[in-house]
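Engineer: Below you'll find query-v2.pdb; it's PDB, C-alpha atoms.
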```pdb
MODEL        1
ATOM      1  CA  MET A   1      85.351  14.237 -71.319  1.00  0.00           C
ATOM      2  CA  GLN A   2      88.049  12.770 -73.536  1.00  0.00           C
ATOM      3  CA  GLN A   3      90.172  10.108 -71.924  1.00  0.00           C
ATOM      4  CA  ALA A   4      93.929  10.414 -71.832  1.00  0.00           C
ATOM      5  CA  SER A   5      95.821   7.905 -73.908  1.00  0.00           C
ATOM      6  CA  GLU A   6      97.798   5.354 -71.935  1.00  0.00           C
ATOM      7  CA  ALA A   7     101.030   7.253 -72.575  1.00  0.00           C
ATOM      8  CA  GLN A   8      99.487  10.483 -71.255  1.00  0.00           C
ATOM      9  CA  ARG A   9      98.234   9.173 -67.924  1.00  0.00           C
ATOM     10  CA  ILE A  10      99.209  10.766 -64.651  1.00  0.00           C
ATOM     11  CA  ALA A  11     100.197   8.226 -61.997  1.00  0.00           C
ATOM     12  CA  VAL A  12     100.598   9.196 -58.345  1.00  0.00           C
ATOM     13  CA  VAL A  13     102.545   6.777 -56.152  1.00  0.00           C
ATOM     14  CA  THR A  14     102.599   7.455 -52.412  1.00  0.00           C
ATOM     15  CA  GLY A  15     105.715   6.212 -50.657  1.00  0.00           C
ATOM     16  CA  GLY A  16     107.246   6.258 -54.118  1.00  0.00           C
ATOM     17  CA  ALA A  17     110.810   7.184 -53.198  1.00  0.00           C
ATOM     18  CA  MET A  18     111.935   3.717 -52.091  1.00  0.00           C
ATOM     19  CA  GLY A  19     111.031   0.061 -51.703  1.00  0.00           C
ATOM     20  CA  ILE A  20     107.939  -1.275 -53.451  1.00  0.00           C
ATOM     21  CA  GLY A  21     106.798   2.242 -54.299  1.00  0.00           C
ATOM     22  CA  ALA A  22     110.019   3.029 -56.149  1.00  0.00           C
ATOM     23  CA  GLU A  23     109.832  -0.158 -58.207  1.00  0.00           C
ATOM     24  CA  VAL A  24     106.214   0.621 -59.098  1.00  0.00           C
ATOM     25  CA  CYS A  25     107.339   4.088 -60.211  1.00  0.00           C
ATOM     26  CA  ARG A  26     110.023   2.575 -62.432  1.00  0.00           C
ATOM     27  CA  ARG A  27     107.532   0.318 -64.168  1.00  0.00           C
ATOM     28  CA  LEU A  28     104.896   3.003 -64.592  1.00  0.00           C
ATOM     29  CA  ALA A  29     107.480   5.385 -66.029  1.00  0.00           C
ATOM     30  CA  ALA A  30     108.817   2.698 -68.370  1.00  0.00           C
ATOM     31  CA  ALA A  31     105.245   2.192 -69.614  1.00  0.00           C
ATOM     32  CA  GLY A  32     105.125   5.869 -70.606  1.00  0.00           C
ATOM     33  CA  HIS A  33     103.157   7.331 -67.735  1.00  0.00           C
ATOM     34  CA  LEU A  34     104.107  10.565 -66.015  1.00  0.00           C
ATOM     35  CA  VAL A  35     104.952   9.440 -62.502  1.00  0.00           C
ATOM     36  CA  VAL A  36     104.359  11.677 -59.503  1.00  0.00           C
ATOM     37  CA  ILE A  37     106.644  10.445 -56.725  1.00  0.00           C
ATOM     38  CA  ALA A  38     104.610  11.397 -53.665  1.00  0.00           C
ATOM     39  CA  ASP A  39     106.686  11.026 -50.523  1.00  0.00           C
ATOM     40  CA  ARG A  40     107.455  12.899 -47.317  1.00  0.00           C
ATOM     41  CA  ASP A  41     111.191  12.346 -47.873  1.00  0.00           C
ATOM     42  CA  GLN A  42     111.717  15.053 -50.468  1.00  0.00           C
ATOM     43  CA  ALA A  43     115.467  14.522 -50.739  1.00  0.00           C
ATOM     44  CA  ALA A  44     115.050  10.827 -51.566  1.00  0.00           C
ATOM     45  CA  ALA A  45     112.205  11.605 -53.965  1.00  0.00           C
ATOM     46  CA  ASP A  46     114.222  14.303 -55.746  1.00  0.00           C
ATOM     47  CA  LYS A  47     117.173  11.948 -56.171  1.00  0.00           C
ATOM     48  CA  PHE A  48     114.953   9.176 -57.530  1.00  0.00           C
ATOM     49  CA  ALA A  49     113.102  11.532 -59.890  1.00  0.00           C
ATOM     50  CA  ALA A  50     116.436  12.733 -61.278  1.00  0.00           C
ATOM     51  CA  GLU A  51     117.428   9.103 -61.897  1.00  0.00           C
ATOM     52  CA  LEU A  52     114.214   8.435 -63.840  1.00  0.00           C
ATOM     53  CA  ILE A  53     114.499  11.639 -65.847  1.00  0.00           C
ATOM     54  CA  ALA A  54     118.114  10.859 -66.723  1.00  0.00           C
ATOM     55  CA  ALA A  55     116.866   7.546 -68.136  1.00  0.00           C
ATOM     56  CA  GLY A  56     114.440   9.415 -70.383  1.00  0.00           C
ATOM     57  CA  ARG A  57     111.351   8.872 -68.238  1.00  0.00           C
ATOM     58  CA  ARG A  58     108.763  11.401 -67.135  1.00  0.00           C
ATOM     59  CA  ALA A  59     108.757  11.984 -63.377  1.00  0.00           C
ATOM     60  CA  GLU A  60     108.147  14.699 -60.834  1.00  0.00           C
ATOM     61  CA  VAL A  61     108.077  15.023 -57.054  1.00  0.00           C
ATOM     62  CA  GLN A  62     105.170  15.912 -54.821  1.00  0.00           C
ATOM     63  CA  THR A  63     105.944  16.199 -51.121  1.00  0.00           C
ATOM     64  CA  VAL A  64     103.178  14.682 -49.005  1.00  0.00           C
ATOM     65  CA  ASP A  65     102.690  13.239 -45.537  1.00  0.00           C
ATOM     66  CA  VAL A  66      99.787  10.809 -45.926  1.00  0.00           C
ATOM     67  CA  GLY A  67      99.266  10.901 -42.159  1.00  0.00           C
ATOM     68  CA  ASP A  68      98.342  14.587 -42.365  1.00  0.00           C
ATOM     69  CA  ALA A  69      94.981  15.398 -43.940  1.00  0.00           C
ATOM     70  CA  ALA A  70      96.000  18.946 -44.843  1.00  0.00           C
ATOM     71  CA  SER A  71      99.172  17.708 -46.538  1.00  0.00           C
ATOM     72  CA  VAL A  72      97.196  15.189 -48.599  1.00  0.00           C
ATOM     73  CA  ALA A  73      94.690  17.845 -49.674  1.00  0.00           C
ATOM     74  CA  GLN A  74      97.471  20.244 -50.671  1.00  0.00           C
ATOM     75  CA  ALA A  75      99.322  17.550 -52.611  1.00  0.00           C
ATOM     76  CA  PHE A  76      96.356  16.507 -54.728  1.00  0.00           C
ATOM     77  CA  ASP A  77      95.321  20.114 -55.236  1.00  0.00           C
ATOM     78  CA  ALA A  78      98.806  20.704 -56.647  1.00  0.00           C
ATOM     79  CA  VAL A  79      98.542  17.673 -58.948  1.00  0.00           C
ATOM     80  CA  GLY A  80      95.132  18.868 -60.115  1.00  0.00           C
ATOM     81  CA  ARG A  81      96.405  22.362 -60.840  1.00  0.00           C
ATOM     82  CA  ARG A  82      99.450  21.081 -62.740  1.00  0.00           C
ATOM     83  CA  HIS A  83      97.755  18.375 -64.781  1.00  0.00           C
ATOM     84  CA  GLY A  84      93.991  18.677 -64.415  1.00  0.00           C
ATOM     85  CA  ARG A  85      93.757  14.969 -63.717  1.00  0.00           C
ATOM     86  CA  CYS A  86      94.980  11.937 -61.800  1.00  0.00           C
ATOM     87  CA  ASP A  87      94.452   8.685 -63.669  1.00  0.00           C
ATOM     88  CA  ILE A  88      96.313   6.172 -61.509  1.00  0.00           C
ATOM     89  CA  LEU A  89      96.872   6.096 -57.743  1.00  0.00           C
ATOM     90  CA  ILE A  90      99.087   3.538 -56.043  1.00  0.00           C
ATOM     91  CA  ASN A  91      98.918   3.735 -52.246  1.00  0.00           C
ATOM     92  CA  CYS A  92     102.284   2.376 -51.087  1.00  0.00           C
ATOM     93  CA  ALA A  93     103.023   4.615 -48.096  1.00  0.00           C
ATOM     94  CA  GLY A  94     102.898   2.760 -44.813  1.00  0.00           C
ATOM     95  CA  ILE A  95     104.537   2.287 -41.431  1.00  0.00           C
ATOM     96  CA  ALA A  96     105.034  -0.674 -39.102  1.00  0.00           C
ATOM     97  CA  LYS A  97     106.437  -1.386 -35.658  1.00  0.00           C
ATOM     98  CA  VAL A  98     106.377  -4.517 -33.534  1.00  0.00           C
ATOM     99  CA  PHE A  99     105.301  -4.728 -29.874  1.00  0.00           C
ATOM    100  CA  PRO A 100     103.763  -7.514 -27.756  1.00  0.00           C
ATOM    101  CA  PHE A 101      99.967  -7.299 -27.728  1.00  0.00           C
ATOM    102  CA  LEU A 102      99.668  -6.781 -23.962  1.00  0.00           C
ATOM    103  CA  GLU A 103     102.077  -3.837 -24.073  1.00  0.00           C
ATOM    104  CA  PHE A 104     101.149  -2.436 -27.475  1.00  0.00           C
ATOM    105  CA  PRO A 105     101.407   1.384 -27.201  1.00  0.00           C
ATOM    106  CA  LEU A 106      98.183   3.182 -27.974  1.00  0.00           C
ATOM    107  CA  GLU A 107     100.050   6.009 -29.658  1.00  0.00           C
ATOM    108  CA  ASN A 108     101.678   3.601 -32.120  1.00  0.00           C
ATOM    109  CA  PHE A 109      98.413   1.825 -32.842  1.00  0.00           C
ATOM    110  CA  ALA A 110      96.763   5.170 -33.578  1.00  0.00           C
ATOM    111  CA  ALA A 111      99.694   6.365 -35.720  1.00  0.00           C
ATOM    112  CA  THR A 112      99.736   3.143 -37.752  1.00  0.00           C
ATOM    113  CA  MET A 113      96.008   3.284 -38.413  1.00  0.00           C
ATOM    114  CA  ASN A 114      96.278   6.958 -39.315  1.00  0.00           C
ATOM    115  CA  VAL A 115      98.994   6.438 -41.930  1.00  0.00           C
ATOM    116  CA  ASN A 116      98.058   3.021 -43.292  1.00  0.00           C
ATOM    117  CA  VAL A 117      94.270   3.317 -43.293  1.00  0.00           C
ATOM    118  CA  THR A 118      93.220   6.956 -43.022  1.00  0.00           C
ATOM    119  CA  GLY A 119      96.047   8.005 -45.342  1.00  0.00           C
ATOM    120  CA  THR A 120      94.891   5.453 -47.919  1.00  0.00           C
ATOM    121  CA  LEU A 121      91.318   6.699 -47.586  1.00  0.00           C
ATOM    122  CA  LEU A 122      92.232  10.359 -47.994  1.00  0.00           C
ATOM    123  CA  CYS A 123      94.530   9.834 -50.963  1.00  0.00           C
ATOM    124  CA  ALA A 124      91.930   7.673 -52.690  1.00  0.00           C
ATOM    125  CA  GLN A 125      89.173  10.220 -52.080  1.00  0.00           C
ATOM    126  CA  HIS A 126      91.192  13.072 -53.553  1.00  0.00           C
ATOM    127  CA  ALA A 127      92.422  11.003 -56.489  1.00  0.00           C
ATOM    128  CA  ALA A 128      88.955   9.624 -57.245  1.00  0.00           C
ATOM    129  CA  ARG A 129      87.484  13.138 -57.387  1.00  0.00           C
ATOM    130  CA  LEU A 130      89.922  13.860 -60.205  1.00  0.00           C
ATOM    131  CA  MET A 131      89.346  10.489 -61.876  1.00  0.00           C
ATOM    132  CA  ILE A 132      85.565  10.671 -62.087  1.00  0.00           C
ATOM    133  CA  LYS A 133      85.765  13.841 -64.155  1.00  0.00           C
ATOM    134  CA  HIS A 134      87.243  11.710 -66.934  1.00  0.00           C
ATOM    135  CA  ARG A 135      85.236   8.534 -66.229  1.00  0.00           C
ATOM    136  CA  TRP A 136      88.407   6.441 -65.898  1.00  0.00           C
ATOM    137  CA  GLY A 137      90.739   5.591 -63.077  1.00  0.00           C
ATOM    138  CA  ARG A 138      92.802   2.916 -61.382  1.00  0.00           C
ATOM    139  CA  ILE A 139      93.414   2.729 -57.635  1.00  0.00           C
ATOM    140  CA  VAL A 140      95.711   0.041 -56.257  1.00  0.00           C
ATOM    141  CA  ASN A 141      96.275  -0.223 -52.526  1.00  0.00           C
ATOM    142  CA  ILE A 142      99.257  -2.112 -51.153  1.00  0.00           C
ATOM    143  CA  ALA A 143      97.888  -4.300 -48.373  1.00  0.00           C
ATOM    144  CA  SER A 144      99.682  -7.326 -46.889  1.00  0.00           C
ATOM    145  CA  VAL A 145      99.220 -10.987 -46.144  1.00  0.00           C
ATOM    146  CA  ALA A 146      99.361  -9.774 -42.522  1.00  0.00           C
ATOM    147  CA  GLY A 147      95.865  -8.404 -43.139  1.00  0.00           C
ATOM    148  CA  MET A 148      94.625 -11.837 -44.262  1.00  0.00           C
ATOM    149  CA  ARG A 149      96.416 -14.214 -41.892  1.00  0.00           C
ATOM    150  CA  VAL A 150      98.346 -13.717 -38.660  1.00  0.00           C
ATOM    151  CA  VAL A 151     102.002 -13.604 -39.646  1.00  0.00           C
ATOM    152  CA  GLY A 152     103.471 -13.556 -36.165  1.00  0.00           C
ATOM    153  CA  SER A 153     103.421 -11.896 -32.783  1.00  0.00           C
ATOM    154  CA  GLY A 154     103.753  -8.155 -32.407  1.00  0.00           C
ATOM    155  CA  ARG A 155     101.773  -7.044 -35.445  1.00  0.00           C
ATOM    156  CA  THR A 156      98.630  -5.852 -33.688  1.00  0.00           C
ATOM    157  CA  ALA A 157      98.593  -2.499 -35.450  1.00  0.00           C
ATOM    158  CA  TYR A 158     100.095  -3.446 -38.802  1.00  0.00           C
ATOM    159  CA  GLY A 159      97.970  -6.540 -39.407  1.00  0.00           C
ATOM    160  CA  THR A 160      94.817  -4.764 -38.289  1.00  0.00           C
ATOM    161  CA  SER A 161      95.567  -1.784 -40.513  1.00  0.00           C
ATOM    162  CA  LYS A 162      96.144  -3.952 -43.572  1.00  0.00           C
ATOM    163  CA  ALA A 163      92.922  -5.894 -42.967  1.00  0.00           C
ATOM    164  CA  ALA A 164      91.182  -2.524 -42.883  1.00  0.00           C
ATOM    165  CA  VAL A 165      92.875  -1.517 -46.154  1.00  0.00           C
ATOM    166  CA  ILE A 166      91.447  -4.631 -47.805  1.00  0.00           C
ATOM    167  CA  ALA A 167      87.929  -3.856 -46.552  1.00  0.00           C
ATOM    168  CA  LEU A 168      88.343  -0.232 -47.607  1.00  0.00           C
ATOM    169  CA  THR A 169      89.436  -1.324 -51.089  1.00  0.00           C
ATOM    170  CA  ARG A 170      86.250  -3.326 -51.523  1.00  0.00           C
ATOM    171  CA  GLN A 171      84.144  -0.382 -50.398  1.00  0.00           C
ATOM    172  CA  MET A 172      85.909   1.871 -52.902  1.00  0.00           C
ATOM    173  CA  ALA A 173      85.348  -0.673 -55.654  1.00  0.00           C
ATOM    174  CA  VAL A 174      81.609  -0.806 -55.070  1.00  0.00           C
ATOM    175  CA  GLU A 175      81.098   2.943 -54.918  1.00  0.00           C
ATOM    176  CA  LEU A 176      83.460   3.988 -57.711  1.00  0.00           C
ATOM    177  CA  ALA A 177      82.527   1.384 -60.332  1.00  0.00           C
ATOM    178  CA  GLN A 178      79.787   3.605 -61.745  1.00  0.00           C
ATOM    179  CA  TYR A 179      82.430   6.183 -62.676  1.00  0.00           C
ATOM    180  CA  GLY A 180      84.734   3.785 -64.524  1.00  0.00           C
ATOM    181  CA  VAL A 181      87.176   3.710 -61.617  1.00  0.00           C
ATOM    182  CA  THR A 182      88.504   0.384 -60.328  1.00  0.00           C
ATOM    183  CA  ALA A 183      89.974  -0.271 -56.892  1.00  0.00           C
ATOM    184  CA  ASN A 184      92.042  -3.342 -56.119  1.00  0.00           C
ATOM    185  CA  ALA A 185      94.647  -4.435 -53.586  1.00  0.00           C
ATOM    186  CA  VAL A 186      97.943  -6.269 -53.810  1.00  0.00           C
ATOM    187  CA  SER A 187      98.872  -8.213 -50.673  1.00  0.00           C
ATOM    188  CA  PRO A 188     102.586  -8.929 -50.574  1.00  0.00           C
ATOM    189  CA  GLY A 189     104.095 -11.576 -48.404  1.00  0.00           C
ATOM    190  CA  PRO A 190     107.557 -10.798 -47.040  1.00  0.00           C
ATOM    191  CA  VAL A 191     109.493  -8.660 -49.494  1.00  0.00           C
ATOM    192  CA  ASP A 192     113.114  -7.629 -49.269  1.00  0.00           C
ATOM    193  CA  THR A 193     112.802  -3.868 -48.671  1.00  0.00           C
ATOM    194  CA  PRO A 194     114.497  -1.290 -46.425  1.00  0.00           C
ATOM    195  CA  MET A 195     111.563  -1.594 -43.990  1.00  0.00           C
ATOM    196  CA  THR A 196     111.714  -5.388 -43.653  1.00  0.00           C
ATOM    197  CA  ARG A 197     115.490  -5.289 -43.252  1.00  0.00           C
ATOM    198  CA  VAL A 198     114.924  -3.207 -40.120  1.00  0.00           C
ATOM    199  CA  LEU A 199     111.710  -4.827 -38.892  1.00  0.00           C
ATOM    200  CA  HIS A 200     112.502  -8.523 -39.430  1.00  0.00           C
ATOM    201  CA  THR A 201     115.059 -10.127 -37.155  1.00  0.00           C
ATOM    202  CA  ALA A 202     117.199 -12.984 -38.458  1.00  0.00           C
ATOM    203  CA  LYS A 203     115.117 -15.451 -36.389  1.00  0.00           C
ATOM    204  CA  PHE A 204     111.825 -14.090 -37.729  1.00  0.00           C
ATOM    205  CA  ARG A 205     113.153 -14.071 -41.296  1.00  0.00           C
ATOM    206  CA  LYS A 206     114.100 -17.760 -41.057  1.00  0.00           C
ATOM    207  CA  GLU A 207     110.765 -18.773 -39.527  1.00  0.00           C
ATOM    208  CA  TYR A 208     108.825 -16.781 -42.106  1.00  0.00           C
ATOM    209  CA  THR A 209     110.852 -18.214 -44.990  1.00  0.00           C
ATOM    210  CA  ASP A 210     110.289 -21.746 -43.664  1.00  0.00           C
ATOM    211  CA  ALA A 211     106.516 -21.126 -43.823  1.00  0.00           C
ATOM    212  CA  ILE A 212     106.641 -20.155 -47.498  1.00  0.00           C
ATOM    213  CA  PRO A 213     106.514 -22.952 -50.104  1.00  0.00           C
ATOM    214  CA  MET A 214     108.932 -21.022 -52.337  1.00  0.00           C
ATOM    215  CA  ASN A 215     111.326 -20.734 -49.371  1.00  0.00           C
ATOM    216  CA  ARG A 216     112.320 -17.132 -49.983  1.00  0.00           C
ATOM    217  CA  TYR A 217     111.283 -13.529 -49.630  1.00  0.00           C
ATOM    218  CA  GLY A 218     109.761 -11.848 -52.655  1.00  0.00           C
ATOM    219  CA  SER A 219     111.211  -8.990 -54.656  1.00  0.00           C
ATOM    220  CA  THR A 220     109.837  -5.511 -55.204  1.00  0.00           C
ATOM    221  CA  ALA A 221     109.738  -6.323 -58.927  1.00  0.00           C
ATOM    222  CA  GLU A 222     107.374  -9.239 -58.331  1.00  0.00           C
ATOM    223  CA  VAL A 223     104.982  -7.039 -56.371  1.00  0.00           C
ATOM    224  CA  ALA A 224     105.196  -4.221 -58.913  1.00  0.00           C
ATOM    225  CA  GLN A 225     104.278  -6.593 -61.721  1.00  0.00           C
ATOM    226  CA  ALA A 226     101.018  -7.437 -59.934  1.00  0.00           C
ATOM    227  CA  VAL A 227     100.284  -3.730 -59.616  1.00  0.00           C
ATOM    228  CA  MET A 228     100.858  -3.279 -63.345  1.00  0.00           C
ATOM    229  CA  TYR A 229      98.138  -5.814 -64.127  1.00  0.00           C
ATOM    230  CA  PHE A 230      95.556  -3.868 -62.157  1.00  0.00           C
ATOM    231  CA  ILE A 231      96.324  -0.543 -63.838  1.00  0.00           C
ATOM    232  CA  GLY A 232      96.065  -1.912 -67.375  1.00  0.00           C
ATOM    233  CA  GLU A 233      93.222  -1.257 -69.772  1.00  0.00           C
ATOM    234  CA  GLU A 234      92.489  -4.987 -69.901  1.00  0.00           C
ATOM    235  CA  ALA A 235      91.792  -5.007 -66.143  1.00  0.00           C
ATOM    236  CA  GLY A 236      88.757  -2.764 -66.500  1.00  0.00           C
ATOM    237  CA  TYR A 237      86.404  -5.549 -65.353  1.00  0.00           C
ATOM    238  CA  THR A 238      88.511  -6.410 -62.306  1.00  0.00           C
ATOM    239  CA  THR A 239      87.614  -4.453 -59.190  1.00  0.00           C
ATOM    240  CA  GLY A 240      87.407  -5.207 -55.490  1.00  0.00           C
ATOM    241  CA  ALA A 241      90.012  -7.952 -55.914  1.00  0.00           C
ATOM    242  CA  VAL A 242      92.858  -8.795 -53.546  1.00  0.00           C
ATOM    243  CA  LEU A 243      95.894 -10.434 -55.131  1.00  0.00           C
ATOM    244  CA  PRO A 244      98.405 -12.098 -52.784  1.00  0.00           C
ATOM    245  CA  VAL A 245     102.012 -12.077 -53.968  1.00  0.00           C
ATOM    246  CA  ASP A 246     103.385 -14.322 -51.257  1.00  0.00           C
ATOM    247  CA  GLY A 247     105.208 -17.377 -52.582  1.00  0.00           C
ATOM    248  CA  GLY A 248     102.291 -19.581 -51.487  1.00  0.00           C
ATOM    249  CA  PHE A 249     102.284 -18.459 -47.841  1.00  0.00           C
ATOM    250  CA  LEU A 250      98.488 -18.110 -47.602  1.00  0.00           C
ATOM    251  CA  ALA A 251      97.944 -21.445 -49.304  1.00  0.00           C
ATOM    252  CA  ALA A 252     100.278 -23.353 -46.990  1.00  0.00           C
ATOM    253  CA  GLY A 253      99.292 -25.132 -43.809  1.00  0.00           C
ATOM    254  CA  ALA A 254     101.545 -27.578 -42.002  1.00  0.00           C
ATOM    255  CA  ARG A 255     104.377 -28.324 -44.420  1.00  0.00           C
ATOM    256  CA  ASP A 256     106.330 -31.460 -45.211  1.00  0.00           C
ATOM    257  CA  LEU A 257     103.983 -33.839 -43.367  1.00  0.00           C
ATOM    258  CA  ALA A 258     104.830 -36.490 -45.929  1.00  0.00           C
ATOM    259  CA  GLN A 259     108.400 -36.444 -44.646  1.00  0.00           C
ATOM    260  CA  GLY A 260     107.383 -37.676 -41.177  1.00  0.00           C
TER     261      GLY A 260
ENDMDL
END
```
Let me see the file written as structure tokens.
Structural biologist:
Amino acid sequence: MQQASEAQRIAVVTGGAMGIGAEVCRRLAAAGHLVVIADRDQAAADKFAAELIAAGRRAEVQTVDVGDAASVAQAFDAVGRRHGRCDILINCAGIAKVFPFLEFPLENFAATMNVNVTGTLLCAQHAARLMIKHRWGRIVNIASVAGMRVVGSGRTAYGTSKAAVIALTRQMAVELAQYGVTANAVSPGPVDTPMTRVLHTAKFRKEYTDAIPMNRYGSTAEVAQAVMYFIGEEAGYTTGAVLPVDGGFLAAGARDLAQG
């Protein structure tokens, strides 16, 4: 089948109404792609889509709850019926809560794994079935440095889920390569988003910042730029990769020993 030109590609972004997902949508739309803002918050998605359209971009809304298998199936069926394809999938939707390990609620652990891992799996499966028809596709999963290194106490579910997302990304990469579909992950360090403003206390924010060589939180724009590399035509030989965007957090050990 004939491939779509870059300007004709259909890009689905889960969790696209705010935070990292919204910034990814802005950049995809600015690059000429038709952006499907896939989010369970329809009001926020509608408002954001209107903003993009007013700026001359192509955008539409698809309501989806990635934690609900039926909702995911319905959403991608709708995308398939409207466009006949899905060329780019960015899995940004995710949840996080903090509890001490010994008291970590089972229901929250299960909910976090369901949204962050199973939701990523289901969206990627449905998107890939549309991609392989055209022998081209890009899947980018938003993981986290919390899935690569323990960030702090209380992240039993979140860190575990993001480690699973990284492993899942590699599995996708291996099995989808034969169809011209790549799968990669971006692992942000702390980013200033609505979720981190709620989740990170002032004490945690200071301690985290002190552990980062760049001594600051990242921006959604810096994460989105990493995503844009993976979806480009020139990244066709890059698959199964995990790119930290973390200000040097993973590279750092004990800091400032020379000052002692």
Engineer: Excluding Asp68 (chain A) and its own-chain neighbours fewer than 2 positions away, which residues fall within 10 Å of it when counting only C-alpha atoms? Please give them as a short mmCIF file (atom, residue, chain, number, x, y, z; two decimals) with C-alpha atoms, in the frame of the given file.
Structural biologist:
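Printed below is selection29.cif as written:
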```
data_model
loop_
_atom_site.label_atom_id
_atom_site.label_comp_id
_atom_site.auth_asym_id
_atom_site.auth_seq_id
_atom_site.Cartn_x
_atom_site.Cartn_y
_atom_site.Cartn_z
CA VAL A 64 103.18 14.68 -49.00
CA ASP A 65 102.69 13.24 -45.54
CA VAL A 66 99.79 10.81 -45.93
CA ALA A 70 96.00 18.95 -44.84
CA SER A 71 99.17 17.71 -46.54
CA VAL A 72 97.20 15.19 -48.60
CA ALA A 73 94.69 17.84 -49.67
CA ASN A 114 96.28 6.96 -39.32
CA VAL A 115 98.99 6.44 -41.93
CA THR A 118 93.22 6.96 -43.02
CA GLY A 119 96.05 8.01 -45.34
CA LEU A 122 92.23 10.36 -47.99
#
```
Engineer: Just want the 9 Å neighbourhood of Ile132 (chain A), counted on all atoms listed in the file, with same-chain residues fewer than 2 positions away dropped. Output as an MDAnalysis selection string.
Structural biologist: chainID A and resid 127:130 134:137 176 179:181
Engineer: Could you list, as a VMD selection string, every residue matched by the PyMOL selection byres ((chain A and resi 113) around 12) in this structure?
Structural biologist: chain A and resid 66 to 67 94 to 97 106 to 112 114 to 121 156 to 165
Engineer: Could you tell me how far CA of Ala143 (chain A) sits from CA of Thr169 (chain A), in Å to one decimal place?
Structural biologist: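 Straight-line distance from CA of Thr169 (chain A) to CA of Ala143 (chain A) works out to 9.4 Å.
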Engineer: Write out as a ChimeraX atom specification the residues lying within 12 Å of Ala30 (chain A), counting all atoms listed in the file and excluding same-chain residues fewer than 6 positions away.
Structural biologist: /A:6-7,23-24,52-53,55-59,228
Engineer: Here is a test: counting all atoms listed in the file, which residue of A:Asn184, A:Asp192, A:Ala75, A:Phe249 is nearest to Ala146 (chain A)?
Structural biologist: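 Nearest to Ala146 (chain A): A:Phe249.
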Engineer: If the PyMOL selection byres ((chain A and resi 235) around 12) is run on the structure shown, which residues does it catch, given as a PyMOL selection string?
Structural biologist: chain A and resi 136-140+180-184+226-234+236-241
Engineer: A:Arg197, A:His126, A:Arg155, A:Arg170: which is nearest Asn141 (chain A), counting all atoms listed in the file?
Structural biologist: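 Looking only at the distances to Asn141 (chain A), the closest residue turns out to be A:Arg170.
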Engineer: For CA of Ser144 (chain A) and CA of Val186 (chain A), determine how far apart the two atoms are, in Å to one decimal place.
Structural biologist: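 For CA of Ser144 (chain A) relative to CA of Val186 (chain A), the distance reads 7.2 Å.
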Engineer: Closest to Phe99 (chain A) among A:Ala45, A:Leu199, A:Ala29, A:Met148, using all atoms listed in the file?
Structural biologist: A:Leu199
Engineer: Would you work out the distance separating CA of Pro194 (chain A) from CA of Ile20 (chain A), expressed in Å to one decimal?
Structural biologist: 9.6 Å
Engineer: Care to translate the PyMOL selection byres ((chain A and resi 33) around 7) into actual residues of this file, as a PyMOL selection string?
Structural biologist: chain A and resi 7-11+28-29+31-32+34-35+58
Engineer: Can those selected residues be exported to a file as a PDB file, keeping the file's coordinate frame so that it contains C-alpha atoms?
Structural biologist:
```
ATOM      1  CA  ALA A   7     101.030   7.253 -72.575  1.00  0.00           C
ATOM      2  CA  GLN A   8      99.487  10.483 -71.255  1.00  0.00           C
ATOM      3  CA  ARG A   9      98.234   9.173 -67.924  1.00  0.00           C
ATOM      4  CA  ILE A  10      99.209  10.766 -64.651  1.00  0.00           C
ATOM      5  CA  ALA A  11     100.197   8.226 -61.997  1.00  0.00           C
ATOM      6  CA  LEU A  28     104.896   3.003 -64.592  1.00  0.00           C
ATOM      7  CA  ALA A  29     107.480   5.385 -66.029  1.00  0.00           C
ATOM      8  CA  ALA A  31     105.245   2.192 -69.614  1.00  0.00           C
ATOM      9  CA  GLY A  32     105.125   5.869 -70.606  1.00  0.00           C
ATOM     10  CA  LEU A  34     104.107  10.565 -66.015  1.00  0.00           C
ATOM     11  CA  VAL A  35     104.952   9.440 -62.502  1.00  0.00           C
ATOM     12  CA  ARG A  58     108.763  11.401 -67.135  1.00  0.00           C
TER      13      ARG A  58
END
```
Engineer: Using all atoms listed in the file, determine which residues lie at most 10 Å from Val191 (chain A), disregarding the query and same-chain residues fewer than 2 positions distant; provide the list as JSON, numbers by chain.
Structural biologist: {"A": [19, 20, 188, 189, 193, 194, 195, 196, 197, 216, 217, 218, 219, 220, 221, 222, 223, 245, 246]}
Engineer: Store the residues picked out above, limited to C-alpha atoms, as an mmCIF file, in the coordinates of the input.
Structural biologist:
```
data_model
loop_
_atom_site.group_PDB
_atom_site.id
_atom_site.type_symbol
_atom_site.label_atom_id
_atom_site.label_comp_id
_atom_site.auth_asym_id
_atom_site.auth_seq_id
_atom_site.Cartn_x
_atom_site.Cartn_y
_atom_site.Cartn_z
ATOM 1 C CA GLY A 19 111.031 0.061 -51.703
ATOM 2 C CA ILE A 20 107.939 -1.275 -53.451
ATOM 3 C CA PRO A 188 102.586 -8.929 -50.574
ATOM 4 C CA GLY A 189 104.095 -11.576 -48.404
ATOM 5 C CA THR A 193 112.802 -3.868 -48.671
ATOM 6 C CA PRO A 194 114.497 -1.290 -46.425
ATOM 7 C CA MET A 195 111.563 -1.594 -43.990
ATOM 8 C CA THR A 196 111.714 -5.388 -43.653
ATOM 9 C CA ARG A 197 115.490 -5.289 -43.252
ATOM 10 C CA ARG A 216 112.320 -17.132 -49.983
ATOM 11 C CA TYR A 217 111.283 -13.529 -49.630
ATOM 12 C CA GLY A 218 109.761 -11.848 -52.655
ATOM 13 C CA SER A 219 111.211 -8.990 -54.656
ATOM 14 C CA THR A 220 109.837 -5.511 -55.204
ATOM 15 C CA ALA A 221 109.738 -6.323 -58.927
ATOM 16 C CA GLU A 222 107.374 -9.239 -58.331
ATOM 17 C CA VAL A 223 104.982 -7.039 -56.371
ATOM 18 C CA VAL A 245 102.012 -12.077 -53.968
ATOM 19 C CA ASP A 246 103.385 -14.322 -51.257
#
```
